[in-house]
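As stored in structure36.cif (mmCIF, C-alpha atoms):
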```cif
data_work
loop_
_atom_site.label_atom_id
_atom_site.label_comp_id
_atom_site.auth_asym_id
_atom_site.auth_seq_id
_atom_site.Cartn_x
_atom_site.Cartn_y
_atom_site.Cartn_z
CA MET A 1 -11.66 4.30 -7.90
CA ILE A 2 -11.84 7.74 -6.32
CA ARG A 3 -11.12 6.31 -2.88
CA VAL A 4 -8.13 4.39 -4.20
CA ALA A 5 -6.75 7.53 -5.83
CA PHE A 6 -7.48 9.54 -2.68
CA LEU A 7 -5.31 7.20 -0.61
CA LEU A 8 -2.41 7.64 -3.03
CA VAL A 9 -2.50 11.46 -2.82
CA PRO A 10 0.18 11.67 -0.05
CA PHE A 11 2.60 9.64 -2.18
CA PHE A 12 2.11 11.78 -5.29
CA LEU A 13 1.98 15.06 -3.34
CA GLU A 14 5.29 14.25 -1.67
CA ALA A 15 6.79 13.40 -5.07
CA ILE A 16 5.57 16.68 -6.59
CA ILE A 17 7.04 18.66 -3.70
CA ARG A 18 10.37 16.83 -3.95
CA ILE A 19 10.46 17.34 -7.75
CA GLY A 20 9.85 21.06 -7.19
CA VAL A 21 12.60 21.32 -4.59
CA PHE A 22 15.25 19.13 -6.24
CA HIS A 23 14.33 19.89 -9.90
CA THR A 24 14.82 16.26 -10.87
CA ILE A 25 12.71 13.20 -11.52
CA GLY A 26 14.08 9.89 -10.33
CA LEU A 27 13.73 7.16 -7.78
CA SER A 28 14.95 9.53 -5.07
CA VAL A 29 11.86 11.76 -5.31
CA PHE A 30 9.45 8.89 -4.68
CA ARG A 31 9.41 7.70 -1.07
CA SER A 32 8.56 4.04 -0.84
CA SER A 33 7.72 4.43 2.85
CA THR A 34 4.86 6.82 2.02
CA LEU A 35 3.64 4.49 -0.70
CA ALA A 36 3.80 1.45 1.60
CA MET A 37 1.76 3.24 4.27
CA SER A 38 -0.82 4.45 1.71
CA ILE A 39 -1.19 0.97 0.23
CA GLY A 40 -1.42 -0.55 3.72
CA ILE A 41 -4.27 1.81 4.62
CA LEU A 42 -5.97 0.99 1.31
CA CYS A 43 -5.77 -2.74 2.12
CA ILE A 44 -7.23 -2.18 5.60
CA LEU A 45 -10.14 -0.19 4.15
CA VAL A 46 -10.86 -2.88 1.56
CA ASN A 47 -10.62 -5.52 4.30
CA GLN A 48 -13.14 -3.61 6.42
CA GLY A 49 -15.44 -3.29 3.41
CA PHE A 50 -15.41 -7.07 3.07
CA VAL A 51 -15.97 -7.59 6.79
CA ARG A 52 -19.02 -5.31 6.69
CA ARG A 53 -20.27 -6.99 3.52
CA GLU A 54 -19.83 -10.46 5.02
CA GLN A 55 -22.35 -9.64 7.75
CA ILE A 56 -25.17 -9.13 5.22
CA ILE A 57 -24.44 -12.11 2.93
CA LYS A 58 -26.62 -15.18 3.41
CA SER A 59 -24.96 -17.61 0.98
CA PRO A 60 -22.25 -19.74 2.70
CA GLU A 61 -20.21 -20.03 -0.52
CA GLU A 62 -20.12 -16.30 -1.13
CA LYS A 63 -19.47 -15.64 2.55
CA GLU A 64 -16.48 -18.03 2.46
CA GLU A 65 -15.06 -16.28 -0.61
CA ILE A 66 -15.51 -12.86 1.00
CA VAL A 67 -13.76 -14.02 4.17
CA TRP A 68 -10.85 -15.40 2.13
CA VAL A 69 -10.42 -12.17 0.15
CA ALA A 70 -10.69 -10.12 3.37
CA HIS A 71 -7.86 -12.19 4.83
CA VAL A 72 -5.75 -11.61 1.70
CA PHE A 73 -6.17 -7.85 2.03
CA PHE A 74 -5.41 -7.97 5.75
CA GLY A 75 -2.22 -9.93 5.02
CA LEU A 76 -1.24 -7.40 2.35
CA ALA A 77 -1.81 -4.59 4.86
CA ILE A 78 0.47 -6.24 7.41
CA PHE A 79 3.07 -6.80 4.70
CA CYS A 80 2.91 -3.10 3.70
CA PHE A 81 3.18 -1.89 7.30
CA VAL A 82 6.21 -4.13 7.90
CA PHE A 83 7.85 -2.83 4.74
CA PHE A 84 7.11 0.73 5.90
CA GLY A 85 8.90 0.06 9.18
CA VAL A 86 11.88 -1.60 7.51
CA VAL A 87 12.33 1.22 5.00
CA VAL A 88 12.07 3.92 7.68
CA LEU A 89 14.61 2.03 9.82
CA LEU A 90 17.01 1.65 6.90
CA GLN A 91 16.66 5.34 6.02
CA ALA A 92 17.36 6.32 9.63
CA LEU A 93 20.46 4.11 9.67
CA ILE A 94 21.66 5.67 6.42
CA GLU A 95 21.14 9.17 7.82
CA LYS A 96 23.01 8.24 11.00
CA GLY A 97 25.92 7.40 8.75
CA ASN A 98 28.02 5.00 10.79
CA ILE A 99 26.84 1.75 9.19
CA SER A 100 27.99 0.97 5.66
CA GLY A 101 26.38 -1.24 3.05
CA ILE A 102 22.77 -0.34 3.86
CA GLU A 103 22.08 1.67 0.68
CA PRO A 104 21.79 -1.40 -1.60
CA ILE A 105 19.43 -3.08 0.87
CA LYS A 106 17.23 0.01 1.06
CA TYR A 107 17.29 0.34 -2.73
CA THR A 108 16.06 -3.26 -3.00
CA PHE A 109 13.20 -2.60 -0.57
CA ASP A 110 12.33 0.64 -2.41
CA THR A 111 12.16 -1.22 -5.71
CA ILE A 112 10.03 -4.02 -4.27
CA ILE A 113 7.55 -1.52 -2.83
CA LEU A 114 7.41 0.75 -5.88
CA VAL A 115 6.90 -2.16 -8.28
CA GLY A 116 4.81 -4.34 -5.96
CA ALA A 117 2.34 -1.56 -5.06
CA PHE A 118 0.58 -2.30 -8.33
CA ILE A 119 -0.69 -5.64 -6.96
CA PRO A 120 -2.85 -4.37 -4.05
CA VAL A 121 -4.15 -1.45 -6.13
CA ARG A 122 -5.17 -3.79 -8.96
CA LEU A 123 -6.70 -6.24 -6.47
CA SER A 124 -8.72 -3.44 -4.89
CA PHE A 125 -10.15 -2.51 -8.30
CA TRP A 126 -10.99 -6.18 -8.87
CA ALA A 127 -12.63 -6.42 -5.44
CA GLN A 128 -14.75 -3.34 -6.04
CA LYS A 129 -15.91 -4.69 -9.37
CA SER A 130 -16.35 -8.35 -8.44
CA PHE A 131 -18.07 -7.90 -5.09
CA ASN A 132 -19.82 -4.60 -5.79
CA LEU A 133 -18.02 -2.85 -2.92
CA ARG A 134 -18.31 0.64 -4.37
CA ALA A 135 -20.86 1.73 -1.79
CA VAL A 136 -19.05 -0.01 1.06
CA LEU A 137 -15.54 1.34 0.43
#
```
What does this structure look like when you write it as C-alpha coordinates?
Amino acid sequence: MIRVAFLLVPFFLEAIIRIGVFHTIGLSVFRSSTLAMSIGILCILVNQGFVRREQIIKSPEEKEEIVWVAHVFFGLAIFCFVFFGVVVLLQALIEKGNISGIEPIKYTFDTIILVGAFIPVRLSFWAQKSFNLRAVL
(Lines of atoms letter the chains of each structure in order from A and count residues from 1; the text may use other names and numbers.)
(Lines give C-alpha, C1' and ligand atoms only; values in the text may rest on other atoms or scores of the structure.)
Protein backbone atom coordinates (compact mmCIF):
# COMPACT_ATOMS: atom_id res chain seq x y z
CA MET A 1 0.00 0.00 0.00
CA ILE A 2 2.88 2.37 0.72
CA ARG A 3 4.18 2.02 -2.82
CA VAL A 4 0.75 2.74 -4.26
CA ALA A 5 0.42 5.85 -2.10
CA PHE A 6 3.98 6.89 -2.99
CA LEU A 7 3.12 6.88 -6.70
CA LEU A 8 0.13 9.14 -6.08
CA VAL A 9 2.19 11.77 -4.22
CA PRO A 10 2.80 13.94 -7.34
CA PHE A 11 -0.95 14.14 -7.99
CA PHE A 12 -1.80 15.15 -4.42
CA LEU A 13 1.22 17.46 -4.07
CA GLU A 14 0.24 19.32 -7.23
CA ALA A 15 -3.33 19.63 -5.92
CA ILE A 16 -2.13 21.00 -2.56
CA ILE A 17 0.06 23.57 -4.30
CA ARG A 18 -2.77 24.63 -6.61
CA ILE A 19 -5.20 24.88 -3.66
CA GLY A 20 -2.67 27.08 -1.86
CA VAL A 21 -2.20 29.33 -4.87
CA PHE A 22 -5.81 29.61 -6.05
CA HIS A 23 -7.49 29.32 -2.60
CA THR A 24 -10.20 27.08 -4.01
CA ILE A 25 -11.04 23.39 -4.13
CA GLY A 26 -12.56 22.10 -7.33
CA LEU A 27 -11.93 20.05 -10.42
CA SER A 28 -9.54 22.71 -11.71
CA VAL A 29 -6.98 22.06 -8.95
CA PHE A 30 -6.68 18.37 -9.76
CA ARG A 31 -4.73 17.67 -12.95
CA SER A 32 -5.92 14.50 -14.61
CA SER A 33 -2.72 14.34 -16.67
CA THR A 34 -0.62 13.96 -13.52
CA LEU A 35 -3.00 11.32 -12.19
CA ALA A 36 -2.98 9.41 -15.49
CA MET A 37 0.82 9.34 -15.54
CA SER A 38 1.01 8.25 -11.88
CA ILE A 39 -1.53 5.46 -12.43
CA GLY A 40 0.27 4.39 -15.62
CA ILE A 41 3.55 4.07 -13.73
CA LEU A 42 1.76 2.14 -10.98
CA CYS A 43 0.39 -0.30 -13.58
CA ILE A 44 3.85 -0.79 -15.11
CA LEU A 45 5.36 -1.53 -11.69
CA VAL A 46 2.62 -4.04 -10.88
CA ASN A 47 3.11 -5.61 -14.33
CA GLN A 48 6.84 -5.96 -13.69
CA GLY A 49 6.13 -7.50 -10.29
CA PHE A 50 4.02 -10.16 -12.01
CA VAL A 51 6.65 -10.74 -14.70
CA ARG A 52 9.30 -11.32 -12.03
CA ARG A 53 6.95 -13.53 -10.03
CA GLU A 54 6.06 -15.58 -13.12
CA GLN A 55 9.68 -16.67 -13.48
CA ILE A 56 9.67 -18.43 -10.08
CA ILE A 57 6.23 -20.11 -10.32
CA LYS A 58 6.22 -23.79 -11.23
CA SER A 59 2.46 -24.43 -11.52
CA PRO A 60 1.18 -23.93 -15.11
CA GLU A 61 -2.27 -22.83 -13.90
CA GLU A 62 -0.92 -20.17 -11.57
CA LYS A 63 1.61 -19.08 -14.18
CA GLU A 64 -1.20 -18.64 -16.73
CA GLU A 65 -3.22 -16.54 -14.29
CA ILE A 66 -0.19 -14.38 -13.47
CA VAL A 67 0.51 -13.81 -17.16
CA TRP A 68 -3.11 -12.81 -17.76
CA VAL A 69 -3.14 -10.33 -14.87
CA ALA A 70 0.24 -8.93 -16.00
CA HIS A 71 -1.25 -8.30 -19.44
CA VAL A 72 -4.25 -6.55 -17.87
CA PHE A 73 -1.96 -4.18 -15.97
CA PHE A 74 0.16 -3.56 -19.06
CA GLY A 75 -3.00 -2.71 -21.03
CA LEU A 76 -4.13 -0.35 -18.26
CA ALA A 77 -0.71 1.33 -18.34
CA ILE A 78 -0.95 1.90 -22.09
CA PHE A 79 -4.49 3.24 -21.64
CA CYS A 80 -3.28 5.68 -18.94
CA PHE A 81 -0.34 6.88 -21.02
CA VAL A 82 -2.62 7.48 -24.03
CA PHE A 83 -5.04 9.42 -21.84
CA PHE A 84 -2.09 11.45 -20.50
CA GLY A 85 -1.10 12.40 -24.04
CA VAL A 86 -4.65 13.27 -25.07
CA VAL A 87 -5.25 15.47 -22.02
CA VAL A 88 -1.93 17.29 -22.44
CA LEU A 89 -2.71 17.87 -26.13
CA LEU A 90 -6.19 19.17 -25.34
CA GLN A 91 -4.81 21.48 -22.64
CA ALA A 92 -2.20 22.82 -25.06
CA LEU A 93 -4.89 23.47 -27.67
CA ILE A 94 -7.01 25.28 -25.08
CA GLU A 95 -4.05 27.43 -24.04
CA LYS A 96 -3.29 28.25 -27.68
CA GLY A 97 -6.80 29.63 -27.84
CA ASN A 98 -7.67 29.52 -31.53
CA ILE A 99 -9.75 26.32 -31.51
CA SER A 100 -13.19 26.43 -29.91
CA GLY A 101 -15.23 23.62 -28.43
CA ILE A 102 -12.32 21.73 -26.86
CA GLU A 103 -13.17 22.50 -23.22
CA PRO A 104 -16.10 20.04 -23.03
CA ILE A 105 -13.97 17.30 -24.57
CA LYS A 106 -11.16 17.91 -22.09
CA TYR A 107 -13.65 18.01 -19.22
CA THR A 108 -14.95 14.59 -20.32
CA PHE A 109 -11.43 13.14 -20.39
CA ASP A 110 -10.66 14.72 -17.00
CA THR A 111 -13.77 13.15 -15.50
CA ILE A 112 -13.02 9.72 -16.99
CA ILE A 113 -9.49 9.78 -15.58
CA LEU A 114 -10.42 11.14 -12.15
CA VAL A 115 -13.23 8.62 -11.69
CA GLY A 116 -11.58 5.72 -13.51
CA ALA A 117 -8.30 5.95 -11.58
CA PHE A 118 -10.00 4.03 -8.79
CA ILE A 119 -10.01 0.85 -10.90
CA PRO A 120 -6.23 0.34 -11.34
CA VAL A 121 -5.56 1.37 -7.73
CA ARG A 122 -8.12 -1.12 -6.43
CA LEU A 123 -6.79 -3.82 -8.78
CA SER A 124 -3.25 -3.21 -7.53
CA PHE A 125 -4.40 -3.73 -3.93
CA TRP A 126 -6.16 -6.93 -5.03
CA ALA A 127 -3.02 -8.10 -6.85
CA GLN A 128 -0.81 -7.47 -3.85
CA LYS A 129 -3.17 -9.40 -1.61
CA SER A 130 -4.09 -12.24 -3.97
CA PHE A 131 -0.64 -13.00 -5.34
CA ASN A 132 1.42 -11.95 -2.32
CA LEU A 133 3.32 -9.31 -4.31
CA ARG A 134 4.18 -7.13 -1.33
CA ALA A 135 7.85 -8.06 -1.45
CA VAL A 136 8.02 -7.87 -5.23
CA LEU A 137 6.38 -4.45 -5.71
**OP:** Determine, counting only C-alpha atoms, which protein, DNA and RNA residues have an atom within 9 Å of an atom of Leu90 (chain A); residues of the same chain fewer than 5 positions away are not included. Present the result as a PyMOL selection string.
**Re:** chain A and resi 85+95+102-103+105-106
Identify, on the basis of all atoms listed in the file, every residue whose closest approach to His71 (chain A) does not exceed 12 Å; exclude the query and any residue fewer than 4 positions from it along the same chain; express the result as a PDB file with C-alpha atoms, keeping the file's coordinate frame.
```
ATOM      1  CA  CYS A  43      -5.770  -2.740   2.120  1.00  0.00           C
ATOM      2  CA  ILE A  44      -7.230  -2.180   5.600  1.00  0.00           C
ATOM      3  CA  VAL A  46     -10.860  -2.880   1.560  1.00  0.00           C
ATOM      4  CA  ASN A  47     -10.620  -5.520   4.300  1.00  0.00           C
ATOM      5  CA  GLN A  48     -13.140  -3.610   6.420  1.00  0.00           C
ATOM      6  CA  GLY A  49     -15.440  -3.290   3.410  1.00  0.00           C
ATOM      7  CA  PHE A  50     -15.410  -7.070   3.070  1.00  0.00           C
ATOM      8  CA  VAL A  51     -15.970  -7.590   6.790  1.00  0.00           C
ATOM      9  CA  GLU A  64     -16.480 -18.030   2.460  1.00  0.00           C
ATOM     10  CA  GLU A  65     -15.060 -16.280  -0.610  1.00  0.00           C
ATOM     11  CA  ILE A  66     -15.510 -12.860   1.000  1.00  0.00           C
ATOM     12  CA  VAL A  67     -13.760 -14.020   4.170  1.00  0.00           C
ATOM     13  CA  GLY A  75      -2.220  -9.930   5.020  1.00  0.00           C
ATOM     14  CA  LEU A  76      -1.240  -7.400   2.350  1.00  0.00           C
ATOM     15  CA  ALA A  77      -1.810  -4.590   4.860  1.00  0.00           C
ATOM     16  CA  ILE A  78       0.470  -6.240   7.410  1.00  0.00           C
TER      17      ILE A  78
END
```
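Interatomic distance, CA of Thr24 (chain A) to CA of Leu89 (chain A): 25.1 Å.
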Subject >> Given only C-alpha atoms as the counted atoms, nearest of A:Glu14, A:Ile25, A:Val69, A:Leu45 to Ala127 (chain A) >> reply: A:Val69
**OP:** Please evaluate the PyMOL selection byres ((chain A and resi 120) around 12) against the displayed coordinates and give the resulting residues as a PyMOL selection string.
**Re:** chain A and resi 4+35-36+38-47+69+72-77+79-80+113-119+121-127
So that each row is one residue of region 27-55 of chain A with an atom at most 12 Å from region 16-21 of chain A, can you give its shortest atom pair and the distance in Å to one decimal, using all atoms listed in the file, rows by chain and rising number, as JSON lines?
```
{"residue": "A:Leu27", "atom": "CA", "partner": "A:Ile19", "partner_atom": "CA", "distance": 10.7}
{"residue": "A:Ser28", "atom": "CA", "partner": "A:Arg18", "partner_atom": "CA", "distance": 8.7}
{"residue": "A:Val29", "atom": "CA", "partner": "A:Arg18", "partner_atom": "CA", "distance": 5.5}
{"residue": "A:Phe30", "atom": "CA", "partner": "A:Arg18", "partner_atom": "CA", "distance": 8.0}
{"residue": "A:Arg31", "atom": "CA", "partner": "A:Arg18", "partner_atom": "CA", "distance": 9.6}
```
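Among the candidates A:Ser100, A:Phe22, A:Ser59, A:Asp110, the one nearest to Thr34 (chain A) when counting only C-alpha atoms is A:Asp110.
The interatomic distance for the pair CA of Leu7 (chain A) and CA of Phe84 (chain A) works out to 15.4 Å.
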